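K.L.:
Below is model_8.txt; it holds compact mmCIF, C-alpha atoms and all ligand atoms.
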```txt
# COMPACT_ATOMS: atom_id res chain seq x y z
CA MET A 1 -20.35 5.73 -24.54
CA THR A 2 -16.81 7.08 -24.39
CA ILE A 3 -15.19 7.06 -20.95
CA ILE A 4 -11.66 7.53 -19.67
CA ARG A 5 -9.92 4.32 -18.62
CA ALA A 6 -6.75 3.99 -16.52
CA VAL A 7 -4.68 1.89 -18.91
CA PRO A 8 -1.41 0.18 -17.88
CA ALA A 9 1.41 1.54 -20.01
CA GLY A 10 4.45 0.06 -18.27
CA VAL A 11 5.59 -2.04 -15.33
CA GLY A 12 8.86 -2.29 -13.43
CA SER A 13 10.33 -3.85 -10.32
CA TYR A 14 13.41 -3.96 -8.16
CA LEU A 15 14.83 -6.42 -5.66
CA PRO A 16 17.83 -5.49 -3.49
CA GLU A 17 21.05 -7.26 -4.39
CA ARG A 18 21.50 -9.25 -1.19
CA ILE A 19 19.73 -12.62 -1.13
CA MET A 20 19.03 -14.40 2.14
CA THR A 21 18.31 -18.12 1.75
CA ASN A 22 16.29 -20.32 4.09
CA ASP A 23 19.50 -22.17 4.99
CA GLU A 24 21.10 -18.90 6.05
CA LEU A 25 18.09 -18.14 8.28
CA SER A 26 18.29 -21.60 9.83
CA LYS A 27 21.69 -20.60 11.26
CA THR A 28 20.12 -17.80 13.34
CA VAL A 29 16.63 -19.14 14.22
CA ASP A 30 15.33 -22.66 14.88
CA THR A 31 13.93 -23.44 11.43
CA THR A 32 14.73 -25.45 8.31
CA HIS A 33 14.58 -24.90 4.55
CA ASP A 34 12.09 -27.76 4.27
CA TRP A 35 9.72 -26.36 6.95
CA ILE A 36 9.65 -22.95 5.27
CA VAL A 37 9.12 -24.38 1.79
CA GLU A 38 6.41 -26.80 2.90
CA ARG A 39 4.40 -24.19 4.86
CA THR A 40 4.97 -21.15 2.64
CA GLY A 41 6.62 -22.00 -0.69
CA ILE A 42 9.36 -19.44 0.09
CA HIS A 43 12.97 -20.28 -0.93
CA ARG A 44 14.71 -16.93 -0.54
CA ARG A 45 14.17 -13.24 0.14
CA HIS A 46 16.08 -10.06 -0.73
CA ILE A 47 17.29 -7.70 1.98
CA ALA A 48 17.95 -3.98 1.47
CA ALA A 49 21.53 -2.88 2.08
CA ASP A 50 22.42 -0.57 4.95
CA GLY A 51 21.28 2.89 3.93
CA GLU A 52 19.09 1.56 1.09
CA MET A 53 15.60 2.94 1.68
CA THR A 54 12.06 2.23 0.54
CA SER A 55 12.28 5.31 -1.73
CA ASP A 56 15.44 3.93 -3.38
CA LEU A 57 13.68 0.66 -4.22
CA ALA A 58 10.62 2.59 -5.42
CA LEU A 59 12.71 4.85 -7.65
CA HIS A 60 14.30 1.86 -9.44
CA ALA A 61 10.90 0.24 -10.06
CA ALA A 62 9.24 3.49 -11.18
CA SER A 63 12.09 4.33 -13.58
CA GLN A 64 11.81 0.89 -15.21
CA ALA A 65 8.05 1.24 -15.55
CA LEU A 66 8.40 4.70 -17.12
CA ASP A 67 10.97 3.30 -19.59
CA MET A 68 8.59 0.52 -20.65
CA ALA A 69 5.77 3.06 -21.00
CA ALA A 70 8.08 5.30 -23.09
CA MET A 71 6.59 8.26 -21.23
CA GLU A 72 8.22 11.45 -19.99
CA ILE A 73 7.81 12.56 -16.39
CA GLY A 74 5.90 15.59 -17.73
CA GLU A 75 3.05 13.24 -18.71
CA ILE A 76 2.67 12.03 -15.10
CA ASP A 77 0.47 14.07 -12.73
CA LEU A 78 0.24 11.68 -9.80
CA ILE A 79 2.50 9.34 -7.84
CA VAL A 80 0.99 7.03 -5.24
CA VAL A 81 3.33 4.92 -3.12
CA ALA A 82 1.78 2.05 -1.19
CA THR A 83 4.01 1.32 1.77
CA ALA A 84 3.89 0.36 5.43
CA THR A 85 7.64 0.98 5.75
CA PRO A 86 8.16 4.62 4.69
CA ASP A 87 11.63 6.19 4.79
CA GLN A 88 10.47 8.59 7.50
CA THR A 89 7.25 9.25 9.42
CA PHE A 90 6.94 12.25 7.11
CA PRO A 91 7.30 13.53 4.42
CA SER A 92 5.67 10.81 2.37
CA THR A 93 7.90 8.41 0.47
CA ALA A 94 5.91 9.41 -2.63
CA THR A 95 7.13 13.03 -2.47
CA ARG A 96 10.71 11.80 -2.08
CA VAL A 97 10.31 9.67 -5.21
CA GLN A 98 8.61 12.58 -6.99
CA ASN A 99 11.61 14.82 -6.27
CA ARG A 100 14.12 12.22 -7.43
CA LEU A 101 12.19 11.70 -10.67
CA GLY A 102 12.53 15.45 -11.28
CA MET A 103 8.75 15.94 -11.11
CA HIS A 104 7.81 19.33 -9.69
CA HIS A 105 4.19 19.50 -10.79
CA GLY A 106 1.12 17.40 -9.95
CA PHE A 107 0.80 15.62 -6.60
CA ALA A 108 2.18 12.63 -4.72
CA PHE A 109 1.15 10.82 -1.55
CA ASP A 110 1.43 7.50 0.28
CA VAL A 111 -1.30 4.94 0.88
CA GLN A 112 -1.09 2.64 3.89
CA ALA A 113 -3.04 -0.60 3.64
CA VAL A 114 -0.10 -2.95 4.36
CA CYS A 115 -0.15 -5.99 2.02
CA SER A 116 -3.29 -4.73 0.23
CA GLY A 117 -1.58 -1.40 -0.38
CA PHE A 118 -0.97 -1.86 -4.09
CA VAL A 119 -4.62 -2.67 -4.83
CA TYR A 120 -5.72 0.31 -2.71
CA ALA A 121 -3.23 2.62 -4.47
CA LEU A 122 -4.29 1.32 -7.89
CA SER A 123 -7.92 2.00 -7.02
CA VAL A 124 -7.15 5.55 -5.82
CA ALA A 125 -5.04 6.39 -8.89
CA THR A 126 -7.73 4.97 -11.18
CA GLN A 127 -10.33 7.36 -9.72
CA PHE A 128 -8.07 10.37 -10.41
CA ILE A 129 -7.47 9.25 -13.98
CA GLU A 130 -11.11 8.38 -14.71
CA THR A 131 -12.25 11.80 -13.45
CA GLY A 132 -9.63 13.58 -15.56
CA LYS A 133 -7.73 14.92 -12.52
CA ALA A 134 -4.55 13.15 -13.65
CA ARG A 135 -3.43 12.26 -17.18
CA GLY A 136 -0.88 9.73 -16.07
CA ALA A 137 0.02 8.12 -12.73
CA ILE A 138 2.74 5.94 -11.29
CA VAL A 139 1.43 3.45 -8.76
CA ILE A 140 4.25 1.99 -6.68
CA GLY A 141 4.38 -0.68 -3.98
CA SER A 142 7.67 -0.50 -2.08
CA GLU A 143 8.71 -2.04 1.22
CA THR A 144 11.67 -2.65 3.49
CA PHE A 145 10.01 -5.09 5.89
CA SER A 146 13.46 -6.34 6.97
CA ARG A 147 13.60 -3.18 9.11
CA ILE A 148 10.46 -4.03 11.13
CA LEU A 149 11.03 -7.76 11.63
CA ASP A 150 11.94 -9.38 14.92
CA TRP A 151 14.82 -11.45 13.60
CA SER A 152 14.66 -13.72 16.66
CA ASP A 153 11.00 -14.70 15.99
CA ARG A 154 10.95 -17.69 13.64
CA THR A 155 7.18 -17.46 13.20
CA THR A 156 7.49 -14.14 11.33
CA CYS A 157 11.06 -13.44 10.18
CA VAL A 158 11.08 -16.29 7.65
CA LEU A 159 8.04 -14.91 5.82
CA PHE A 160 9.02 -11.44 4.59
CA GLY A 161 11.47 -9.67 2.30
CA ASP A 162 12.22 -6.29 0.69
CA GLY A 163 11.33 -5.13 -2.82
CA ALA A 164 9.40 -2.75 -5.03
CA GLY A 165 7.18 -2.81 -8.08
CA ALA A 166 5.49 -0.09 -10.11
CA VAL A 167 2.85 0.33 -12.80
CA VAL A 168 2.41 3.41 -14.99
CA LEU A 169 -1.22 4.21 -15.78
CA LYS A 170 -2.31 6.45 -18.64
CA GLY A 171 -5.75 7.97 -19.24
CA GLU A 172 -7.13 6.71 -22.56
CA ALA A 173 -10.58 6.81 -24.11
CA GLY A 174 -12.52 3.56 -23.78
CA THR A 175 -15.94 2.41 -24.93
CA GLY A 176 -17.13 1.52 -21.43
CA THR A 177 -17.24 -2.21 -22.24
CA THR A 178 -15.18 -5.07 -20.80
CA ALA A 179 -13.27 -5.15 -24.11
CA ASP A 180 -11.51 -1.91 -23.09
CA ARG A 181 -7.93 -2.04 -21.89
CA GLY A 182 -7.43 -0.63 -18.39
CA VAL A 183 -8.67 -1.00 -14.84
CA LEU A 184 -12.22 -2.32 -15.27
CA SER A 185 -13.15 -2.49 -11.58
CA THR A 186 -11.72 -2.34 -8.08
CA GLU A 187 -13.25 -3.48 -4.80
CA LEU A 188 -11.79 -2.59 -1.39
CA ARG A 189 -12.72 -3.79 2.10
CA SER A 190 -11.37 -3.53 5.65
CA ASP A 191 -12.35 -4.64 9.12
CA GLY A 192 -10.43 -3.14 12.03
CA ALA A 193 -11.82 -5.77 14.41
CA HIS A 194 -8.77 -7.79 13.32
CA ASN A 195 -6.10 -5.17 14.15
CA ALA A 196 -4.55 -7.45 16.77
CA SER A 197 -3.97 -10.40 14.40
CA LEU A 198 -1.28 -8.60 12.41
CA TYR A 199 0.33 -5.37 13.59
CA VAL A 200 3.54 -3.52 14.38
CA ASP A 201 4.13 -2.95 18.10
CA GLY A 202 5.27 0.66 17.75
CA GLY A 203 4.73 3.92 15.92
CA PRO A 204 5.11 7.70 16.26
CA SER A 205 2.07 8.17 18.50
CA THR A 206 2.50 5.09 20.71
CA THR A 207 6.13 4.24 21.44
CA GLY A 208 7.85 6.86 19.31
CA LEU A 209 9.75 4.00 17.64
CA ALA A 210 9.12 2.09 14.42
CA GLY A 211 8.34 -1.17 16.26
CA GLN A 212 8.34 -4.77 15.07
CA LEU A 213 5.84 -6.94 13.23
CA ARG A 214 3.65 -9.29 15.30
CA MET A 215 1.30 -11.83 13.79
CA ASN A 216 -1.11 -14.59 14.65
CA GLY A 217 -0.37 -16.63 11.52
CA ARG A 218 -3.21 -19.12 11.91
CA GLU A 219 -5.77 -16.33 12.34
CA VAL A 220 -4.48 -14.56 9.22
CA PHE A 221 -4.55 -17.79 7.23
CA LYS A 222 -8.11 -18.55 8.31
CA HIS A 223 -9.46 -15.24 7.02
CA ALA A 224 -7.20 -14.88 4.00
CA VAL A 225 -8.64 -17.50 1.68
CA ARG A 226 -12.28 -16.61 2.36
CA ASN A 227 -11.72 -12.84 2.06
CA LEU A 228 -9.58 -13.12 -1.05
CA ALA A 229 -11.99 -15.39 -2.88
CA GLU A 230 -14.97 -13.16 -2.00
CA ILE A 231 -13.28 -9.93 -3.03
CA GLY A 232 -11.93 -11.45 -6.25
CA GLU A 233 -15.39 -12.59 -7.26
CA ALA A 234 -16.83 -9.18 -6.28
CA ALA A 235 -14.35 -7.30 -8.49
CA LEU A 236 -15.19 -9.56 -11.42
CA ALA A 237 -18.95 -9.25 -10.84
CA THR A 238 -18.71 -5.43 -10.70
CA ALA A 239 -17.18 -5.53 -14.17
CA ASN A 240 -19.76 -8.08 -15.40
CA LEU A 241 -17.10 -10.77 -15.66
CA THR A 242 -16.58 -14.24 -14.18
CA SER A 243 -13.49 -16.28 -13.36
CA SER A 244 -13.74 -18.06 -16.72
CA ASP A 245 -12.95 -14.71 -18.41
CA VAL A 246 -9.68 -14.38 -16.47
CA GLN A 247 -6.39 -15.18 -18.26
CA TRP A 248 -4.19 -14.59 -15.20
CA VAL A 249 -4.68 -14.22 -11.47
CA VAL A 250 -1.89 -12.08 -10.01
CA PRO A 251 -2.26 -12.50 -6.25
CA HIS A 252 -0.44 -10.89 -3.35
CA GLN A 253 2.59 -13.15 -2.85
CA ALA A 254 2.39 -14.03 0.85
CA ASN A 255 2.23 -17.77 0.93
CA ALA A 256 1.92 -20.45 -1.78
CA ARG A 257 -0.76 -22.29 0.21
CA ILE A 258 -2.99 -19.20 0.49
CA ILE A 259 -2.49 -18.54 -3.24
CA ALA A 260 -3.42 -22.12 -4.23
CA SER A 261 -6.44 -22.37 -1.91
CA THR A 262 -7.80 -19.02 -3.12
CA ALA A 263 -7.36 -19.98 -6.77
CA GLN A 264 -9.22 -23.22 -6.14
CA LYS A 265 -12.06 -21.38 -4.41
CA ILE A 266 -12.39 -18.91 -7.29
CA GLY A 267 -12.23 -21.79 -9.78
CA VAL A 268 -8.99 -20.90 -11.57
CA GLU A 269 -6.36 -23.57 -12.36
CA MET A 270 -2.85 -22.96 -11.00
CA ASN A 271 -1.47 -22.76 -14.55
CA ARG A 272 -3.29 -19.41 -14.77
CA VAL A 273 -1.86 -18.02 -11.51
CA ILE A 274 1.39 -16.02 -11.35
CA VAL A 275 3.50 -17.23 -8.41
CA THR A 276 6.81 -15.54 -7.53
CA VAL A 277 6.74 -15.87 -3.73
CA GLN A 278 9.52 -18.48 -3.85
CA ASP A 279 11.99 -15.83 -5.07
CA HIS A 280 11.24 -12.87 -2.80
CA ALA A 281 8.94 -13.99 0.07
CA ASN A 282 6.19 -11.62 1.20
CA THR A 283 7.14 -8.10 0.10
CA SER A 284 3.78 -6.69 1.26
CA ALA A 285 2.55 -3.88 -1.05
CA ALA A 286 5.33 -4.59 -3.55
CA SER A 287 4.38 -8.18 -4.27
CA ILE A 288 1.64 -7.75 -6.88
CA PRO A 289 3.59 -5.35 -9.13
CA LEU A 290 6.70 -7.53 -8.66
CA ALA A 291 4.79 -10.59 -9.90
CA LEU A 292 3.22 -8.56 -12.71
CA ASP A 293 6.61 -7.37 -13.88
CA VAL A 294 8.02 -10.91 -13.98
CA ALA A 295 5.07 -12.26 -15.96
CA VAL A 296 4.91 -9.34 -18.41
CA ARG A 297 8.65 -9.52 -19.10
CA ASP A 298 8.67 -13.32 -19.55
CA GLY A 299 5.77 -13.05 -22.03
CA ARG A 300 3.06 -14.83 -20.05
CA ILE A 301 0.94 -11.70 -19.62
CA ARG A 302 0.19 -10.07 -22.96
CA GLN A 303 -1.65 -6.95 -23.99
CA GLY A 304 -5.41 -7.58 -23.88
CA ASP A 305 -5.25 -10.31 -21.21
CA LEU A 306 -7.78 -10.02 -18.40
CA LEU A 307 -6.04 -10.03 -14.99
CA LEU A 308 -7.49 -10.45 -11.54
CA LEU A 309 -5.32 -8.87 -8.83
CA GLU A 310 -6.14 -9.71 -5.20
CA ALA A 311 -4.53 -9.02 -1.83
CA MET A 312 -5.09 -9.10 1.90
CA GLY A 313 -3.10 -7.58 4.75
CA GLY A 314 -2.98 -6.10 8.22
CA GLY A 315 -6.07 -4.28 9.46
CA PHE A 316 -7.44 -6.50 8.06
CA THR A 317 -7.58 -4.85 4.66
CA TRP A 318 -8.32 -6.64 1.43
CA GLY A 319 -9.03 -5.75 -2.15
CA ALA A 320 -9.14 -6.89 -5.77
CA ALA A 321 -9.02 -5.38 -9.24
CA ALA A 322 -10.05 -6.60 -12.68
CA VAL A 323 -7.61 -5.17 -15.21
CA ARG A 324 -7.40 -5.69 -18.96
CA TRP A 325 -3.66 -5.40 -19.58
N1 LIG B 1 10.30 -23.07 11.48
C1 LIG B 1 9.98 -24.18 12.14
N2 LIG B 1 8.90 -24.30 12.92
C2 LIG B 1 8.10 -23.23 13.02
C3 LIG B 1 8.37 -22.02 12.36
C4 LIG B 1 9.54 -21.96 11.58
N3 LIG B 1 9.89 -20.86 10.89
N4 LIG B 1 7.40 -21.15 12.64
C5 LIG B 1 6.53 -21.77 13.45
N5 LIG B 1 6.96 -23.03 13.68
C6 LIG B 1 6.35 -24.04 14.52
C7 LIG B 1 5.41 -23.47 15.54
O1 LIG B 1 6.12 -23.02 16.68
C8 LIG B 1 4.54 -24.67 15.87
O2 LIG B 1 5.22 -25.49 16.73
P1 LIG B 1 4.42 -26.20 17.94
O3 LIG B 1 3.41 -27.07 17.26
O4 LIG B 1 5.49 -26.94 18.65
O5 LIG B 1 3.81 -25.08 18.72
C9 LIG B 1 4.45 -25.38 14.50
O6 LIG B 1 5.53 -24.88 13.70
C10 LIG B 1 3.16 -25.13 13.78
O7 LIG B 1 2.87 -23.75 13.82
P2 LIG B 1 1.62 -23.13 13.11
O8 LIG B 1 1.60 -21.66 13.37
O9 LIG B 1 0.40 -23.92 13.44
O10 LIG B 1 2.01 -23.42 11.60
P3 LIG B 1 1.15 -23.19 10.34
O11 LIG B 1 1.01 -24.43 9.59
O12 LIG B 1 -0.08 -22.40 10.65
O13 LIG B 1 2.12 -22.26 9.48
C11 LIG B 1 2.34 -19.96 8.91
C12 LIG B 1 2.52 -21.01 9.99
C13 LIG B 1 3.23 -20.30 7.73
C14 LIG B 1 2.74 -18.60 9.47
C15 LIG B 1 0.85 -19.94 8.47
O14 LIG B 1 0.01 -19.80 9.58
C16 LIG B 1 0.57 -18.85 7.51
O15 LIG B 1 1.00 -18.90 6.38
N6 LIG B 1 -0.23 -17.84 7.88
C17 LIG B 1 -0.49 -16.72 7.06
C18 LIG B 1 0.51 -15.69 7.41
C19 LIG B 1 0.84 -14.76 6.31
O16 LIG B 1 0.95 -15.10 5.16
N7 LIG B 1 1.03 -13.53 6.71
C20 LIG B 1 1.46 -12.55 5.81
C21 LIG B 1 0.86 -11.25 6.08
S1 LIG B 1 -0.84 -11.24 5.73
C22 LIG B 1 -0.94 -11.61 4.19
O17 LIG B 1 -0.10 -11.20 3.45
C23 LIG B 1 -2.06 -12.41 3.71
```
For the structure just supplied, provide its representation as structure tokens.
Ligand code: ACO
P.N.:
Amino acid sequence: MTIIRAVPAGVGSYLPERIMTNDELSKTVDTTHDWIVERTGIHRRHIAADGEMTSDLALHAASQALDMAAMEIGEIDLIVVATATPDQTFPSTATRVQNRLGMHHGFAFDVQAVCSGFVYALSVATQFIETGKARGAIVIGSETFSRILDWSDRTTCVLFGDGAGAVVLKGEAGTGTTADRGVLSTELRSDGAHNASLYVDGGPSTTGLAGQLRMNGREVFKHAVRNLAEIGEAALATANLTSSDVQWVVPHQANARIIASTAQKIGVEMNRVIVTVQDHANTSAASIPLALDVAVRDGRIRQGDLLLLEAMGGGFTWGAAAVRW
């Protein structure tokens, strides 16, 4: 049976120039490089320059991904930006990127699922491609979390950074088997009962201000490993696959301990897990495409490899995708 698959054609990423080390942070809050590395695996994060916006980061990543795909903007019908830190309350960051890419056809919108945003956006874009409503799509995760951090709170400010990543998807005929390239399955979940464990204490309809991130780290940690393992296995099962079929797990890069515990629970050795959290900290929706870009460009991920993407974030939201690269 011939079906349309959403096939990855290119990937790109961008990290702002300015690097903030753990040692630098230890001069402003009561923390140490060793504490941060031991609890999170994070060594440094990138911070957007004054005036550098989420759409700027997104544009860099999307342009790189389009270059790798060797596609013209005319072949793209859809742009989805996953972000919890949009340039403005509205218009969407996606329409700002659309304009700067010189795209004046098709449609563009933002998806808000915090750290799970990229998996949500990938799932949404895949539906449009599989139903023939879009020929090509750019799925972007872009964040400037530095703007919503309480820089005096050592329990949160050490964990996050700014960045962007993007994947270009192209509709291509597949056979409907797991041998096809493309997004083979996605699974999404959320449970708003956990809103209070990870949230921003502001917004247009509450305080009228952007607000700052608040988190109960232990509570997040407790749910993360269980949710991520379950959703990863669900995405594989939906595609009639198991963890032994997976060449690479590309997890949301929040914390090295969550990544390792989840991999162990799924039954995947760490030498098959892409870890980049040390270099950019938690960049929320940007972290999966950032890690993908690193591993594609350094040759670890090759065409035909089966990838399992998984993420969890505020809400709680969580999701996973099985993708044959
Ligand atoms: N430096 C030094 N000490 C610190 C710091 C810091 N930056 N932050 C907290 N501490 C202290 C605490 O105050 C506490 O001190 P106390 O015992 O005197 O009260 C002590 O360290 C232990 O604190 P815990 O919160 O129990 O530390 P824990 O081992 O749980 O690590 C962490 C904290 C890293 C936040 C962990 O809970 C975690 O990783 N949670 C997941 C959070 C996460 O990844 N969120 C991202 C968004 S959601 C997602 O992407 C999955």
K.L.:
Atom CA of A:Ile73 and atom CA of A:Gly102, how far apart in Å?
P.N.:
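According to the coordinates, atom CA of A:Gly102 and atom CA of A:Ile73 are separated by 7.5 Å.
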K.L.:
For ligand LIG 1 (chain B), return the neighbouring residues as a PyMOL selection string (distance at most 8 Å; all atoms listed in the file).
P.N.:
chain A and resi 29-32+35-36+39-40+115-116+154-160+198+215-222+224+252-255+257-258+282+284+311-314
K.L.:
Find the spatial neighbours of stretch 54-69 of chain A, counting all atoms listed in the file, within a cut-off of 6 Å - ignore same-chain residues fewer than 6 positions away - and output them as a list in words.
P.N.:
Ala9, Gly10, Val11, Gly12, Ser13, Tyr14, Asp87, Thr93, Val97, Ser142, Glu143, Thr144, Ala164, Gly165, Ala166 and Val167 of chain A
K.L.:
Next, the residues of the selection above should be written as a CSV table (one decimal), keeping the file's coordinate frame with C-alpha atoms.
P.N.:
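Done, and the output landed in out_13.csv:
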```
chain,number,residue,atom,x,y,z
A,9,ALA,CA,1.4,1.5,-20.0
A,10,GLY,CA,4.4,0.1,-18.3
A,11,VAL,CA,5.6,-2.0,-15.3
A,12,GLY,CA,8.9,-2.3,-13.4
A,13,SER,CA,10.3,-3.8,-10.3
A,14,TYR,CA,13.4,-4.0,-8.2
A,87,ASP,CA,11.6,6.2,4.8
A,93,THR,CA,7.9,8.4,0.5
A,97,VAL,CA,10.3,9.7,-5.2
A,142,SER,CA,7.7,-0.5,-2.1
A,143,GLU,CA,8.7,-2.0,1.2
A,144,THR,CA,11.7,-2.6,3.5
A,164,ALA,CA,9.4,-2.8,-5.0
A,165,GLY,CA,7.2,-2.8,-8.1
A,166,ALA,CA,5.5,-0.1,-10.1
A,167,VAL,CA,2.8,0.3,-12.8
```
K.L.:
Taking only C-alpha atoms into account, name the residue in A:Ile129, A:Lys170, A:Gly74, A:Gly315 that is nearest to A:His104.
P.N.:
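Ranked by minimum distance to A:His104, first place goes to A:Gly74.
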K.L.:
Using all atoms listed in the file, pick whichever of A:Ile231, A:Met103, A:Ala108, A:Val273 has the shortest atom-to-atom distance to A:Val80.
P.N.:
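Closest to A:Val80, using all atoms listed in the file: A:Ala108.
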K.L.:
At what distance in Å, to one decimal, does atom CA of A:Thr89 lie from atom CA of A:Phe107?
P.N.:
18.4 Å
K.L.:
Excluding A:Arg45 and its own-chain neighbours fewer than 3 positions away, which residues fall within 6 Å of it when counting only C-alpha atoms? Please give them as a VMD selection string.
P.N.:
chain A and resid 19 to 20 161 280 to 281
K.L.:
How would the residues just chosen look if you wrote them out with C-alpha atoms as a PDB file, keeping the file's coordinate frame?
P.N.:
```pdb
ATOM      1  CA  ILE A  19      19.730 -12.620  -1.130  1.00  0.00           C
ATOM      2  CA  MET A  20      19.030 -14.400   2.140  1.00  0.00           C
ATOM      3  CA  GLY A 161      11.470  -9.670   2.300  1.00  0.00           C
ATOM      4  CA  HIS A 280      11.240 -12.870  -2.800  1.00  0.00           C
ATOM      5  CA  ALA A 281       8.940 -13.990   0.070  1.00  0.00           C
TER       6      ALA A 281
END
```
K.L.:
Add whatever atoms are absent from stretch 303-309 of chain A to reach all heavy atoms, and provide the output as a PDB file, in the coordinates of the input.
P.N.:
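File part.pdb, as written:
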```
ATOM      1  N   GLN A 303      -0.662  -8.025 -23.847  1.00  0.00           N
ATOM      2  CA  GLN A 303      -1.650  -6.950 -23.990  1.00  0.00           C
ATOM      3  C   GLN A 303      -3.017  -7.546 -24.326  1.00  0.00           C
ATOM      4  O   GLN A 303      -3.121  -8.425 -25.191  1.00  0.00           O
ATOM      5  CB  GLN A 303      -1.209  -5.992 -25.098  1.00  0.00           C
ATOM      6  CG  GLN A 303      -2.005  -4.718 -25.092  1.00  0.00           C
ATOM      7  CD  GLN A 303      -1.357  -3.659 -25.972  1.00  0.00           C
ATOM      8  OE1 GLN A 303      -0.160  -3.392 -25.850  1.00  0.00           O
ATOM      9  NE2 GLN A 303      -2.143  -3.069 -26.856  1.00  0.00           N
ATOM     10  N   GLY A 304      -4.045  -7.084 -23.632  1.00  0.00           N
ATOM     11  CA  GLY A 304      -5.410  -7.580 -23.880  1.00  0.00           C
ATOM     12  C   GLY A 304      -5.836  -8.677 -22.921  1.00  0.00           C
ATOM     13  O   GLY A 304      -7.028  -8.984 -22.830  1.00  0.00           O
ATOM     14  N   ASP A 305      -4.894  -9.272 -22.188  1.00  0.00           N
ATOM     15  CA  ASP A 305      -5.250 -10.310 -21.210  1.00  0.00           C
ATOM     16  C   ASP A 305      -6.051  -9.702 -20.062  1.00  0.00           C
ATOM     17  O   ASP A 305      -5.748  -8.595 -19.609  1.00  0.00           O
ATOM     18  CB  ASP A 305      -3.987 -10.965 -20.612  1.00  0.00           C
ATOM     19  CG  ASP A 305      -3.339 -11.969 -21.554  1.00  0.00           C
ATOM     20  OD1 ASP A 305      -3.929 -12.260 -22.616  1.00  0.00           O
ATOM     21  OD2 ASP A 305      -2.235 -12.446 -21.223  1.00  0.00           O
ATOM     22  N   LEU A 306      -7.036 -10.469 -19.578  1.00  0.00           N
ATOM     23  CA  LEU A 306      -7.780 -10.020 -18.400  1.00  0.00           C
ATOM     24  C   LEU A 306      -7.091 -10.565 -17.144  1.00  0.00           C
ATOM     25  O   LEU A 306      -6.890 -11.780 -17.006  1.00  0.00           O
ATOM     26  CB  LEU A 306      -9.231 -10.497 -18.430  1.00  0.00           C
ATOM     27  CG  LEU A 306     -10.011  -9.976 -17.222  1.00  0.00           C
ATOM     28  CD1 LEU A 306     -10.342  -8.502 -17.358  1.00  0.00           C
ATOM     29  CD2 LEU A 306     -11.273 -10.791 -16.987  1.00  0.00           C
ATOM     30  N   LEU A 307      -6.739  -9.658 -16.232  1.00  0.00           N
ATOM     31  CA  LEU A 307      -6.040 -10.030 -14.990  1.00  0.00           C
ATOM     32  C   LEU A 307      -6.956  -9.793 -13.798  1.00  0.00           C
ATOM     33  O   LEU A 307      -7.706  -8.821 -13.761  1.00  0.00           O
ATOM     34  CB  LEU A 307      -4.791  -9.166 -14.798  1.00  0.00           C
ATOM     35  CG  LEU A 307      -3.853  -8.966 -15.983  1.00  0.00           C
ATOM     36  CD1 LEU A 307      -2.649  -8.130 -15.548  1.00  0.00           C
ATOM     37  CD2 LEU A 307      -3.397 -10.305 -16.550  1.00  0.00           C
ATOM     38  N   LEU A 308      -6.850 -10.688 -12.830  1.00  0.00           N
ATOM     39  CA  LEU A 308      -7.490 -10.450 -11.540  1.00  0.00           C
ATOM     40  C   LEU A 308      -6.380 -10.304 -10.505  1.00  0.00           C
ATOM     41  O   LEU A 308      -5.589 -11.231 -10.297  1.00  0.00           O
ATOM     42  CB  LEU A 308      -8.408 -11.629 -11.169  1.00  0.00           C
ATOM     43  CG  LEU A 308      -9.073 -11.503  -9.785  1.00  0.00           C
ATOM     44  CD1 LEU A 308     -10.018 -10.296  -9.731  1.00  0.00           C
ATOM     45  CD2 LEU A 308      -9.824 -12.784  -9.422  1.00  0.00           C
ATOM     46  N   LEU A 309      -6.298  -9.107  -9.897  1.00  0.00           N
ATOM     47  CA  LEU A 309      -5.320  -8.870  -8.830  1.00  0.00           C
ATOM     48  C   LEU A 309      -6.060  -8.972  -7.502  1.00  0.00           C
ATOM     49  O   LEU A 309      -7.169  -8.447  -7.378  1.00  0.00           O
ATOM     50  CB  LEU A 309      -4.712  -7.458  -8.956  1.00  0.00           C
ATOM     51  CG  LEU A 309      -4.340  -6.938 -10.350  1.00  0.00           C
ATOM     52  CD1 LEU A 309      -3.706  -5.546 -10.238  1.00  0.00           C
ATOM     53  CD2 LEU A 309      -3.387  -7.883 -11.053  1.00  0.00           C
TER      54      LEU A 309
END
```
